[in-house]
Amino acid sequence: MMKKRFLLNVMLTLVWAALTGSFTYVNLSFGFIISFFVLWIISRDSPDRRYFTIAFKIIGFFFYFLYEMLKANLQVAYEVMTSNLHMKPGFVKMELEAQTDLEITLLASLISLTPGTLVIDVSDDRKVMYIHGMYLEDRAKFIQSIKAGLEKPLLNIMR
Amino acid sequence: MLLAVMSGFILASIVPFSGKLLRGRWSFMTTALPGALFVYFLTLIPSIANNQVRLFSYQWVPSMGINFDFLVDGLSLLFALMITGIGTLVFLFTSAYMKGDAYLGRFYGYLSLFMGAMLGMVLSDNIFTLFVFWELTSISSFFLIGFNNESKASRKSALVALAITGLGGFFLLAAFALLGNITGTYSIREMIGSADILKAHPSYLLVMVCLFIAAFSKSAQYPLHFWLPGAMKAPTPVSTYLHSATMVKAGIYLLARFTPVLGNVPAWNHTLTIVGGFTMLYAAFHSIFKKDLKEILAYSTISALGMLVFLLGLGTSEALLAMVVYIVVHALYKASLFLITGIIDHETGTRDINKLSGLRKVMMPVSIAGLLAMISNSGIPPTFGFVGKDLIYASTLESEILALSLTTIAVVTNMLLLYAGILTGVKPFTGVLPESFKEVHLPDWRMWLPPLVLGIAGLILGLFPVFIEGGIVMPALHSMYPMAPPFHLMLWHGFNLILGLSAVTILGGLLLYFLFKPGLRHQTWMAKLYGSSPEHIALLFSRKFRVFAAVWTRLFQNGYLRIYVLMIISFLTVLLAYKSFTQVAFYINPAKISPLTSTELVVMFILIATVLYAVYTPSRLAAIAAMGVIGYCICLIYVFYSAPDLAMTQFAIDTLTVILFVLVLYRLPKYINYSSWLIRVRDGLISLIFGTLISILALEVLYEPTNKETTRFFTDNAYTLAKGKNVVNVILVDFRGMDTIVEITVLTIAAMGVFALLKLQLNKYDQEL
Amino acid sequence: MTINLIILPVLFQFSLAIILLFFWKNILAQKIISIAGSIVAVIIAVGLFSQVYEQRIITMQAGNWIAPFGITFVADTFSTTMVLLASLSSLAVAAFSSVTIKKARMKYGYFPSFHFLIMGLNGAFLTGDIFNLYVWFEVIIISSFVFITLGGKKAQIEGAVKYFTLNFLASTIFLTAIAVLYGLAGSLNMADLSGKIKIIENQGLVQVTAILFLIGFGIKSAIFPLYFWLPDSYHTPQAAISSIFAGLLTKVGIYALLRVFSLIFIPDDFMKSLIVILAGLTLVSGGLGALVQTNMRKMFSYMIVCHIGYMIGGLGMFTAAALAGTIFYLIHDIIVKTNLFLVGGVIFKINGELNMKRMGGIYDQYPTLALLMAVPLFSLIGIPPLSGFWPKINLMQESFATSNYFLLGSIIFGSFITLFVITRFWAEAFWKKIDNPVRKPYIIYYDQMPQSQRLLLILPIVFLSFISLYIGLGAENIFRLSNHIAAELVDTSAYVQAVLEAQKPL
Amino acid sequence: MINILIAFCIGIGAIAILLASIGLLRMPDLYLRLSVTTKAATLGVGLILAGGALYFQDVGVTSRALAIIFFITLTAPVSAQLIGRVAYLIKVKMWKHTITDELAGRYDSESHALESDLKPDEVELPQR
Amino acid sequence: MKLLIFRTTTIFLLPLLLLFSIFLLLRGHYLPGSGFVGGIIAAIAFILHAFAFGLKNTRKLLRMHPLALMPVGLALAVFSAILPIFQGLPVLTVLWLDEPFPVVGLIGSALLFDSGVYLVVLGVALTIIFTISETV
Amino acid sequence: MNLNNFILYGILPILSLSTIFVFIRFLKGPSIVDRVVSIDLMVIIGIGAIAVYSILTDQPTFLDIAMVVALIGFLSTVAFSYYLEKRNRND
Amino acid sequence: MEIVLAIIVGLLYASGIYLMLRRSLVKLVIGLVLLGNGVNLLIFLLGGLVRGKPPIIPATESILGEIYADPVPQALILTAIVISFGLQAFAIVLIKRTYIVVGTDDLDEIHSTEEEDDY
Ligand code: NA
Ligand code: NA
């Protein structure tokens, strides 16, 4: 259902572009958004509305992640510019809820992209992930922030 | 005439392949060729006697001016007759002497080759054609001396002989090259016309020396004589033909031939007189101490050759006449003696003078031939030898300077030669026949006839010298000395000083023979003398020279790659520095210096620092990482200066190279600094100087105005004609597509090479073919 | 089509190589294609040669771009002669390879590399563009790297490291020279450069560039203090490979030197005397090196170095006659050196030995074969009237005329050493008899080979021997050719004109 | 107006990069350097590229800029992980104030296989 | 390397890189890029795959020995070089189709040539790297 | 202050400074991994610099190079880590 | 600028040669790589440096304007880069092979080009 809707969306976008006769970025994006809304409106009664929610979720997650990243960046910037003494680095183990290759990979990338954390490896049975963190005063809180801040929203989108 | 000369070569190329046909009973058939040639040359006598000169010209390499210009004059006819005449006898002799030899065909081949070459040499008027034949005589001599190739001594002698005569050959070539250059002609006849120019030329001495070295090496003059005794390792027919009668006279021929061109100059005459005189005395002296028949003959031959050179050196009409006569005399008796030696050796199996005696009882005709040869050798009347000796004394006595000493030398030499003649021609036949030789019998007539013929010829010519006087001797004299006064060869001049000298010679010689028997004491004495002999010195020199060669070779070729690189770079640096400092003024063009942004500056700084880091880092992996950085910086430089394609390619290749390096680094051993600091400083200095020169060169070239015509063409036509907008790419695939197609070929080959290098591992027992 | 005839020797070899690549593991097909192709290549080369020799210089503008801008191919007498010689030697070597090269090596690209190499040679001879020449040089060296390492034995690898490094260095210097040349004159077309170089004001810089070219090509042609790679590596690969190296690789360096120093840089007095001195030292060093070797192949390698001196000497004197001598020697040397190493291969097949002290008996065992092998050996010495003799006349005369007595002496010395070394070799390998020779189990000896294989082993030698006999006995034709080429080198106006004015785009 | 936006993007980007470099220089051990640098730089480059896209305002350029950002965000974490892991494997020194190392002993020294050290029943299977 | 994250990323990167390489090949005549760089990028794509999944799997993916790519590429380049001979033009003269092609633009034998370059470079780079890693 | 000057005197110096810092880390090491990280960062800064240059010179073409660099730059990192994991300890 | 680049070129040559004079095979090959880079930069430098004007004809024009970087040296360098890549790849593999066969990285230990019976 999701794929079908997505294809339909793309087709409508192309139709839009053909109608307007312009294949610029702006026009294509605009066409995509319009057809998305059209689709949303016509399928409000449909039982499966995941396609639409997911889209909003992705957008939401994207901005959330950007915000998190900026925040972390600032923290790190502060860290870089001052003395290093309040860092408490270490390697911790995090049990994974993510299952598929894609999920794990995306999660790992997100964690790594956030400053101050770095995925070192995933165990061969794919059950735990080893992470290097900069601030491990409170291990549980650290794990929790990742689980809640990154893994949950991600799995939310993926599943 | 060409056929006459070439027939030898033709025969030479047929005989070895004739198989059994000519190897067995029919081998004497080969004699037909020299015989026929002899007759042919005899028919030329009348015209030559009338002072006619016959020239036969055949084109060969006209664009070099090298042709078969065969000139028949007195001198060449004399030699041609000698070559073919004695050749006939030797060929005949060989057919019996070498009967049954598995390689007889080969032997005849070399012999005919030699005959052809010798004929060609004496007949050639063109110096280079002459040289060609000259060298061929050396080579055929080489093969003949080494005929018994399984004997180490044979091989060594052949090598020594060829080394000496070959070296002489190259000097001859040099002399001829010079001659041709100075006179502008390759014809000896024409050179006579430029004789005065030549003699005044600053290079005259050089020409002369080169020519002398050639002639002396061939004609075994001191100190280049020692190859000749060694050459006696060859079968007897060879010794007879090449090493006494003909080839060794090639040097004499050369000197005689060039007498009208280069002779009659004090340096010429004196050198020849001194060398010839010394040689004849030296060799004659040595000959009487030898035990081996052939060795005795070898030294007496050298002595006779010395005599000929000596006479050439005197250079007067009489001396030259004496020389001509003595050539004939010597050819006749020496060939005879050699053949006799051959017979003795063949029948008794020994050549040791102390073991041989009384053979007259079993081989009478041979002993007669021996006697005849001996008396001719000794200059006892009425042989032709007597005529010859008379003339020699006449010419020494008439010498302008040192007449007395020259005559004394001649007399002493002749006494010693007489001694040697008796040793070889008479001694084996006299006395008691030992038990062991009882079974010895007279060989085939084909063997004993030739020496006998030669001996008789000597006798006849002595009695009737007129037979050859007008037809051969005088024309020969005239070709050396055009102004020679008429002269009649006579056996009897009446009682005079010359006759007295002859008598003294004969008596003295006989006296010496009967009174002096070399013993052990003399042997050791001679052995001591050997220490200062040219042979010993040459051997010593060649050994030292080989050491020098080894040292020299090691010096440059020491196996250390870095030394090679060092030498090449140093050489290049020196040349570049010399040229740059002497011919190039240093300028920097300020107009061409562009400003820098901070990033560029930083990139370049990093580049420099990384290069230094790569040089000094002790870690191999770090060096490779540094290489990555260097490549990346260069990529950025390409970006800064508008070369996007370059930047892309550089980066892509850089990445690949790093991957490659990293993959290959497994299991390599530790990366240590092996060199001492001194070596590193040396290398560093040279590298820095080289790098600095390149920098300076780059700046200099930058200063020069550049012609942008080609570039303009490309940028103007890239789109309009080649339909592309990326000019670099258009150049690569269109304007200069050839480069690219070749470049991908290079890549392909490299990949193939890598594949083969790593995958193909042969082991030694990989038997398949 | 006639225009493209110029490039045919290149394209044909190229196509051969590509076809051979498709038959990567099929050895029989490779052998047949290679030999048959080489025969065709000879025909092509003869065709091109006769076209040029009888008529005039032919040019082709690759890509149809007018002359100084695109890449020009020029077939003048010199280049077509070289192409012809390369095709003749390569035919012989191809046949010889088909018997002597081990199957394993053939399965790893022997024949493709071979034809790539010949293609590179032909390209280098025919191109009229200096950078393109560089590229062809790279084809040559990379395929020679493949050859020299093929099989990867210890000695081979050790030799290869040196061979590789010094050749790489040479290429780098060559490329540096091109960079400077382009910076100075802004052109890559050699005919065009010929004119442009002359009008450069700063001739000092031009001469500095000339030095770079001299060293770059000098390394490749193995002249005096630059030849080290050669004796350390040429004896390591197989006979067939060594022979193609010996016959052609150093000669392409000589070719390039002759081209560049006649067309672009006219040697000044300093350069002339420098080259002449180097030539003399090359003769001496090569000769001395050969003298002390007992290994047949090493001795032959030093002979190569030694004889380079003759050719370089002619270049150094730079007179028409001296250049003719150089060209004649070049022609002779290509055929004879190729043959020499083939002969070395057969000698090894007979004896199973490389050290001449341990070989012998060929003269008695195989008299006819010995006679055959005498041809290249004695041609090498320059026994007149065999081929090596003729050019020495020119060279000696000219070294006298130009007062280069050191060179004259070196020529005599080099000739003498060659004479001595080769006859000594003859005495050892051919005359000497070896008692109870030890047979090595891993060698297939000559007498164990089937008749057909022996024939393939001998025919190439027969073929090349006939050519060298022709060069010697038919010296007139070769001299005419050499003089013609020398005249082309001395007066390059015809070349320049043919390149720059001949064609408008089609 | 647009220029200010561009300048802002590039400026922030450059500063992010500067911070990353300072971090690389100053951080006490490799893992910390890795943790702070790659990401900051990614952000910085992303911003600069965004500035470029704004500057040119061209389909081609924008798509290229986006592509580059995409590539970098895709590869940067991967290379960081590879390096971090290998650094751990070859025992690159940790900062002396490192407080915990739960990875210790988990790697098989030969095969470099990494165990989770969880018994099967300890893991609660997530609901599908 | 048995790395889940790396492998997963590689699965995404491989087609991306290949696509990009063809893109570079096609546009070379107008903008930076060429068969050469394209070929290297393609090779790097496969090398990356080999790093992630091991050589065997990459071999399987390729289905042919990279050596075989080289003669094909060379043949393509030579073919485009000798094509003009049949029109009586010198070798390597670029021939153009009359009509422009969508997306790529004008198609000439230069593109054929560049494709040959692409294949050769791909073959070469892969042959070298694969051979080395096999013999490690 | 126009954009060009801002880039020339503001951005480029910052990038240069960053590069120098990174380079110092490259030289200091101490481990080879540090050097690899430095290279990785240099590559990324380089991409930024190229992008800035394309604005400065108004040449979008340069972004193509940045694209190539971004795509394959991390390959050497992969290679190094591959090597470091597998090598024998003899460097 | 040109001066700095000229110095860099000289330095690349010098360090390339210096590394070739060392005893380690790996250093030798690194030297070759540096030398190759040096030549390429030399060609680039001598072709003249122009900033920000790549030799690409703008979409709207059919020929290049007056100031642009010289495309010829660029094309030459491209060819040279590719060729030296081929050579370098071969060299790198040669190191490996040398180590496998000879068992050393020390160049001084491979100066005995001994004979082998495989001719
Ligand atoms: Na391109
Ligand atoms: Na290219």
# chains A, B, ... in the order shown; residues from 1 in each chain; ligands from 1
call {"tool": "interface_residues", "arguments": {"of": "chain G", "to": "chain B", "cutoff": "7 Å", "atoms": "only C-alpha atoms", "output": "VMD selection string"}}
result
chain G and resid 1 to 2 6 to 11 13 to 15 17 to 24 46 49 to 57 62 to 64 69 to 72 74 to 75 78 to 79 83 85 to 87 90 92 to 93 96 to 97 99 105 108 111 to 112
call {"tool": "interface_residues", "arguments": {"of": "chain E", "to": "chain G", "cutoff": "8 Å", "atoms": "only C-alpha atoms", "output": "list in words"}}
result
Tyr30, Leu31, Ile128 and Ile132 of chain E
call {"tool": "write_last_selection", "arguments": {"atoms": "N, CA, C and O atoms", "output": "PDB file, in the first residue's frame"}}
result
ATOM      1  N   TYR E  30      31.555  17.472 -22.367  1.00  0.00           N
ATOM      2  CA  TYR E  30      31.068  18.832 -22.138  1.00  0.00           C
ATOM      3  C   TYR E  30      31.517  19.421 -20.812  1.00  0.00           C
ATOM      4  O   TYR E  30      31.695  20.623 -20.694  1.00  0.00           O
ATOM      5  N   LEU E  31      31.663  18.562 -19.829  1.00  0.00           N
ATOM      6  CA  LEU E  31      32.038  19.037 -18.503  1.00  0.00           C
ATOM      7  C   LEU E  31      33.102  18.096 -17.946  1.00  0.00           C
ATOM      8  O   LEU E  31      33.348  17.043 -18.525  1.00  0.00           O
ATOM      9  N   ILE E 128      44.207  -5.414 -11.226  1.00  0.00           N
ATOM     10  CA  ILE E 128      45.344  -5.164 -10.335  1.00  0.00           C
ATOM     11  C   ILE E 128      44.945  -5.404  -8.888  1.00  0.00           C
ATOM     12  O   ILE E 128      45.567  -6.181  -8.169  1.00  0.00           O
ATOM     13  N   ILE E 132      46.091  -8.612  -6.489  1.00  0.00           N
ATOM     14  CA  ILE E 132      46.876  -8.397  -5.282  1.00  0.00           C
ATOM     15  C   ILE E 132      46.169  -8.978  -4.070  1.00  0.00           C
ATOM     16  O   ILE E 132      46.768  -9.696  -3.274  1.00  0.00           O
TER      17      ILE E 132
END
call {"tool": "interface_residues", "arguments": {"of": "chain A", "to": "chain D", "cutoff": "7 Å", "atoms": "only C-alpha atoms", "output": "CSV table (one decimal) with C-alpha atoms, in the first residue's frame"}}
result
chain,number,residue,atom,x,y,z
A,24,THR,CA,12.9,22.5,-12.4
A,25,TYR,CA,13.6,21.5,-8.8
A,73,ASN,CA,27.7,20.4,18.3
A,76,VAL,CA,31.2,19.8,21.8
A,77,ALA,CA,32.3,23.2,20.7
A,80,VAL,CA,36.7,21.7,22.5
A,88,LYS,CA,33.9,11.1,31.4
A,89,PRO,CA,34.5,9.0,28.3
A,90,GLY,CA,34.2,5.3,27.9
A,91,PHE,CA,32.8,2.4,25.9
A,92,VAL,CA,29.3,1.1,26.8
A,93,LYS,CA,27.2,-1.7,25.5
A,97,GLU,CA,15.9,-3.2,19.5
A,109,SER,CA,24.8,6.3,11.5
A,112,SER,CA,27.7,8.4,15.0
A,113,LEU,CA,26.6,11.6,13.3
A,114,THR,CA,25.8,13.0,16.7
A,115,PRO,CA,28.8,14.6,18.2
A,116,GLY,CA,30.1,13.0,21.3
A,117,THR,CA,29.0,9.5,20.4
A,118,LEU,CA,30.5,7.0,18.2
A,119,VAL,CA,29.5,3.5,17.3
A,120,ILE,CA,32.4,1.1,17.6
A,121,ASP,CA,30.9,-2.1,16.5
A,123,SER,CA,28.1,-7.8,17.9
A,124,ASP,CA,28.1,-10.6,15.5
A,125,ASP,CA,24.7,-11.8,16.7
A,127,LYS,CA,22.0,-8.0,19.6
A,128,VAL,CA,24.2,-5.3,21.1
A,130,TYR,CA,29.1,-0.9,21.5
A,134,MET,CA,32.0,11.4,25.9
call {"tool": "closest_atom_pairs", "arguments": {"of": "chain E", "to": "ligand 2", "cutoff": "9 Å", "atoms": "only C-alpha atoms and all ligand atoms", "output": "Markdown table"}}
result
| residue | atom | partner | partner_atom_place_in_ligand_line | distance |
| --- | --- | --- | --- | --- |
| E:Ser34 | CA | ligand 2 | 1 (Na) | 7.9 |
| E:Gly35 | CA | ligand 2 | 1 (Na) | 8.1 |
| E:Phe36 | CA | ligand 2 | 1 (Na) | 6.1 |
| E:Val37 | CA | ligand 2 | 1 (Na) | 8.7 |
| E:Val117 | CA | ligand 2 | 1 (Na) | 8.2 |
call {"tool": "interface_residues", "arguments": {"of": "chain F", "to": "chain B", "cutoff": "8 Å", "atoms": "only C-alpha atoms", "output": "MDAnalysis selection string"}}
result
chainID F and resid 8 12:13 15:16 19:20 23 27 32 35:36 39 43 46 50 53 61:62 64:65 68:69 72:73 75:76 79:80 83 87:88 90:91
call {"tool": "write_last_selection", "arguments": {"atoms": "N, CA, C and O atoms", "output": "short mmCIF file (atom, residue, chain, number, x, y, z; two decimals), in the first residue's frame"}}
result
data_model
loop_
_atom_site.label_atom_id
_atom_site.label_comp_id
_atom_site.auth_asym_id
_atom_site.auth_seq_id
_atom_site.Cartn_x
_atom_site.Cartn_y
_atom_site.Cartn_z
N LEU F 8 37.36 35.61 0.75
CA LEU F 8 38.82 35.71 0.69
C LEU F 8 39.43 35.98 2.05
O LEU F 8 40.42 35.37 2.43
N LEU F 12 38.27 31.71 3.83
CA LEU F 12 39.48 30.97 3.46
C LEU F 12 40.50 30.91 4.59
O LEU F 12 41.05 29.85 4.86
N PRO F 13 40.75 32.04 5.28
CA PRO F 13 41.67 31.93 6.41
C PRO F 13 41.20 30.94 7.46
O PRO F 13 42.00 30.19 8.02
N LEU F 15 39.37 28.29 7.00
CA LEU F 15 39.60 26.94 6.48
C LEU F 15 41.10 26.61 6.52
O LEU F 15 41.50 25.49 6.86
N SER F 16 41.92 27.62 6.18
CA SER F 16 43.36 27.37 6.19
C SER F 16 43.82 27.02 7.59
O SER F 16 44.59 26.07 7.79
N THR F 19 42.87 23.61 8.44
CA THR F 19 43.73 22.64 7.78
C THR F 19 45.05 22.50 8.52
O THR F 19 45.57 21.41 8.69
N ILE F 20 45.57 23.64 8.95
CA ILE F 20 46.85 23.58 9.65
C ILE F 20 46.71 22.78 10.93
O ILE F 20 47.54 21.92 11.25
N PHE F 23 46.59 19.29 10.08
CA PHE F 23 47.89 18.81 9.61
C PHE F 23 48.85 18.59 10.79
O PHE F 23 49.64 17.65 10.79
N LEU F 27 50.92 15.29 11.66
CA LEU F 27 52.35 15.13 11.95
C LEU F 27 52.57 14.52 13.32
O LEU F 27 53.46 13.69 13.51
N ILE F 32 49.05 5.60 13.88
CA ILE F 32 48.71 5.73 12.48
C ILE F 32 47.23 6.03 12.31
O ILE F 32 46.83 6.74 11.40
N ARG F 35 46.57 9.58 12.16
CA ARG F 35 46.90 10.16 10.85
C ARG F 35 45.77 9.90 9.86
O ARG F 35 45.39 10.77 9.08
N VAL F 36 45.23 8.71 9.95
CA VAL F 36 44.13 8.39 9.04
C VAL F 36 42.95 9.31 9.31
O VAL F 36 42.33 9.84 8.39
N ILE F 39 43.65 12.62 7.80
CA ILE F 39 43.45 12.64 6.35
C ILE F 39 41.96 12.72 6.04
O ILE F 39 41.52 13.50 5.19
N VAL F 43 40.25 15.66 3.90
CA VAL F 43 39.44 15.44 2.70
C VAL F 43 38.14 16.23 2.82
O VAL F 43 37.71 16.91 1.88
N GLY F 46 38.72 19.78 2.50
CA GLY F 46 39.00 20.05 1.09
C GLY F 46 37.72 20.20 0.29
O GLY F 46 37.61 21.10 -0.54
N ILE F 50 36.83 23.42 -1.82
CA ILE F 50 36.49 23.40 -3.24
C ILE F 50 35.16 24.11 -3.47
O ILE F 50 35.01 24.91 -4.40
N TYR F 53 35.68 27.71 -3.25
CA TYR F 53 36.36 28.19 -4.47
C TYR F 53 35.41 28.31 -5.64
O TYR F 53 35.54 29.22 -6.45
N THR F 61 31.61 24.24 -11.98
CA THR F 61 32.31 23.03 -12.41
C THR F 61 33.08 22.35 -11.29
O THR F 61 33.17 21.14 -11.24
N PHE F 62 33.64 23.20 -10.40
CA PHE F 62 34.47 22.63 -9.36
C PHE F 62 33.71 21.69 -8.43
O PHE F 62 34.28 20.83 -7.79
N ASP F 64 31.93 19.39 -9.24
CA ASP F 64 32.07 18.01 -9.73
C ASP F 64 33.23 17.32 -9.04
O ASP F 64 33.17 16.14 -8.70
N ILE F 65 34.30 18.10 -8.89
CA ILE F 65 35.46 17.50 -8.22
C ILE F 65 35.08 17.15 -6.79
O ILE F 65 35.39 16.07 -6.29
N VAL F 68 33.33 13.93 -6.69
CA VAL F 68 34.22 12.76 -6.79
C VAL F 68 34.93 12.53 -5.47
O VAL F 68 34.99 11.40 -4.95
N VAL F 69 35.42 13.63 -4.90
CA VAL F 69 36.15 13.49 -3.64
C VAL F 69 35.25 12.91 -2.56
O VAL F 69 35.64 12.00 -1.82
N ILE F 72 34.63 9.01 -3.24
CA ILE F 72 35.65 7.98 -3.10
C ILE F 72 36.68 8.30 -2.04
O ILE F 72 37.56 7.49 -1.77
N GLY F 73 36.53 9.49 -1.43
CA GLY F 73 37.54 9.87 -0.45
C GLY F 73 37.65 8.90 0.71
O GLY F 73 38.73 8.68 1.23
N LEU F 75 37.43 5.83 0.70
CA LEU F 75 37.97 4.53 0.35
C LEU F 75 39.34 4.31 0.97
O LEU F 75 39.66 3.21 1.42
N SER F 76 40.15 5.39 1.01
CA SER F 76 41.48 5.16 1.59
C SER F 76 41.36 4.87 3.08
O SER F 76 42.12 4.07 3.62
N ALA F 79 40.58 1.35 3.28
CA ALA F 79 41.75 0.54 3.00
C ALA F 79 42.67 0.49 4.20
O ALA F 79 43.16 -0.57 4.58
N PHE F 80 42.88 1.65 4.82
CA PHE F 80 43.78 1.68 5.97
C PHE F 80 43.26 0.81 7.09
O PHE F 80 44.00 0.06 7.72
N TYR F 83 43.71 -2.74 6.31
CA TYR F 83 45.10 -3.12 6.49
C TYR F 83 45.45 -3.29 7.96
O TYR F 83 46.04 -4.29 8.37
N ARG F 87 47.00 -6.69 9.28
CA ARG F 87 48.44 -6.77 9.11
C ARG F 87 49.12 -7.54 10.25
O ARG F 87 48.59 -7.71 11.33
N ASN F 88 50.30 -7.94 9.98
CA ASN F 88 51.15 -8.42 11.06
C ASN F 88 51.76 -7.19 11.72
O ASN F 88 52.01 -6.20 11.07
N ASN F 90 54.29 -5.38 12.25
CA ASN F 90 55.71 -5.14 11.98
C ASN F 90 55.98 -3.76 11.42
O ASN F 90 57.00 -3.52 10.82
N ASP F 91 55.04 -2.87 11.59
CA ASP F 91 55.30 -1.56 11.03
C ASP F 91 55.98 -0.66 12.06
O ASP F 91 55.50 -0.53 13.16
#
call {"tool": "interface_residues", "arguments": {"of": "chain E", "to": "chain A", "cutoff": "9 Å", "atoms": "only C-alpha atoms", "output": "VMD selection string"}}
result
chain E and resid 2 to 9
call {"tool": "residues_around", "arguments": {"residues": "C:Gln453", "least_positions_apart": "5", "cutoff": "9 Å", "atoms": "only C-alpha atoms", "output": "short mmCIF file (atom, residue, chain, number, x, y, z; two decimals) with N, CA and C atoms, in the first residue's frame"}}
result
data_model
loop_
_atom_site.label_atom_id
_atom_site.label_comp_id
_atom_site.auth_asym_id
_atom_site.auth_seq_id
_atom_site.Cartn_x
_atom_site.Cartn_y
_atom_site.Cartn_z
N SER C 98 57.63 -19.58 -30.07
CA SER C 98 56.60 -20.61 -30.06
C SER C 98 57.17 -21.95 -29.61
N VAL C 99 58.47 -22.12 -29.71
CA VAL C 99 59.06 -23.37 -29.22
C VAL C 99 59.70 -23.22 -27.86
N THR C 100 60.30 -22.06 -27.61
CA THR C 100 61.14 -21.99 -26.42
C THR C 100 60.43 -21.46 -25.19
N ILE C 458 65.42 -23.33 -35.48
CA ILE C 458 66.53 -23.01 -36.38
C ILE C 458 66.11 -22.03 -37.47
#
call {"tool": "interface_residues", "arguments": {"of": "chain F", "to": "chain D", "cutoff": "9 Å", "atoms": "only C-alpha atoms", "output": "ChimeraX atom specification"}}
result
/F:2-3,6-7,10-12,14-15,17-25,31,33-34,36-38,40-41,44-45,47-49,51-52,54-55,58,60-61,63-64,66-71,74-75,77-78,80-82,84-85
call {"tool": "interface_residues", "arguments": {"of": "chain G", "to": "chain C", "cutoff": "10 Å", "atoms": "only C-alpha atoms", "output": "number ranges by chain"}}
result
G: 13, 17, 20, 25, 28-29, 32, 35-36, 38-48, 72-73, 76-77, 79-80, 83-84, 86-88, 90-91, 94-95, 97-103, 107, 109-119
call {"tool": "interface_residues", "arguments": {"of": "chain E", "to": "chain F", "cutoff": "12 Å", "atoms": "only C-alpha atoms", "output": "PyMOL selection string"}}
result
chain E and resi 1-3+6-7+10+13-14+16-21+23-24+27-28+30-34+37-38+40-52+54+129+133+136
call {"tool": "closest_residue", "arguments": {"among": "B:Lys334, B:Gly342, B:Asp734, B:His243", "to": "ligand 1", "atoms": "only C-alpha atoms and all ligand atoms"}}
result
B:Asp734
call {"tool": "interface_residues", "arguments": {"of": "chain C", "to": "chain E", "cutoff": "10 Å", "atoms": "only C-alpha atoms", "output": "number ranges by chain"}}
result
C: 1-8, 11, 14-15, 17-22, 24, 60-65, 505-506
call {"tool": "select_by_dssp", "arguments": {"residues": "stretch 440-642 of chain B", "states": "alpha helix (DSSP H)", "output": "number ranges by chain"}}
result
B: 445-463, 466-468, 474-480, 497-515, 520-530, 534-556, 561-583, 598-616, 620-640
call {"tool": "select_by_dssp", "arguments": {"residues": "stretch 12-127 of chain E", "states": "strand (DSSP E or B)", "output": "list of chain:residue names"}}
result
E:Trp96, E:Leu97, E:Asp98, E:Glu99, E:Pro100, E:Phe101, E:Gly105, E:Leu106, E:Ile107, E:Gly108
call {"tool": "write_last_selection", "arguments": {"atoms": "C-alpha atoms", "output": "compact mmCIF listing (two decimals), in the first residue's frame"}}
result
# COMPACT_ATOMS: atom_id res chain seq x y z
CA TRP E 96 29.20 12.14 -35.62
CA LEU E 97 25.63 11.00 -35.93
CA ASP E 98 23.53 13.70 -37.52
CA GLU E 99 20.82 13.84 -34.89
CA PRO E 100 21.48 14.68 -31.27
CA PHE E 101 20.56 11.98 -28.82
CA GLY E 105 23.55 15.10 -26.74
CA LEU E 106 25.39 14.53 -29.98
CA ILE E 107 26.74 11.01 -30.28
CA GLY E 108 30.06 10.60 -31.97
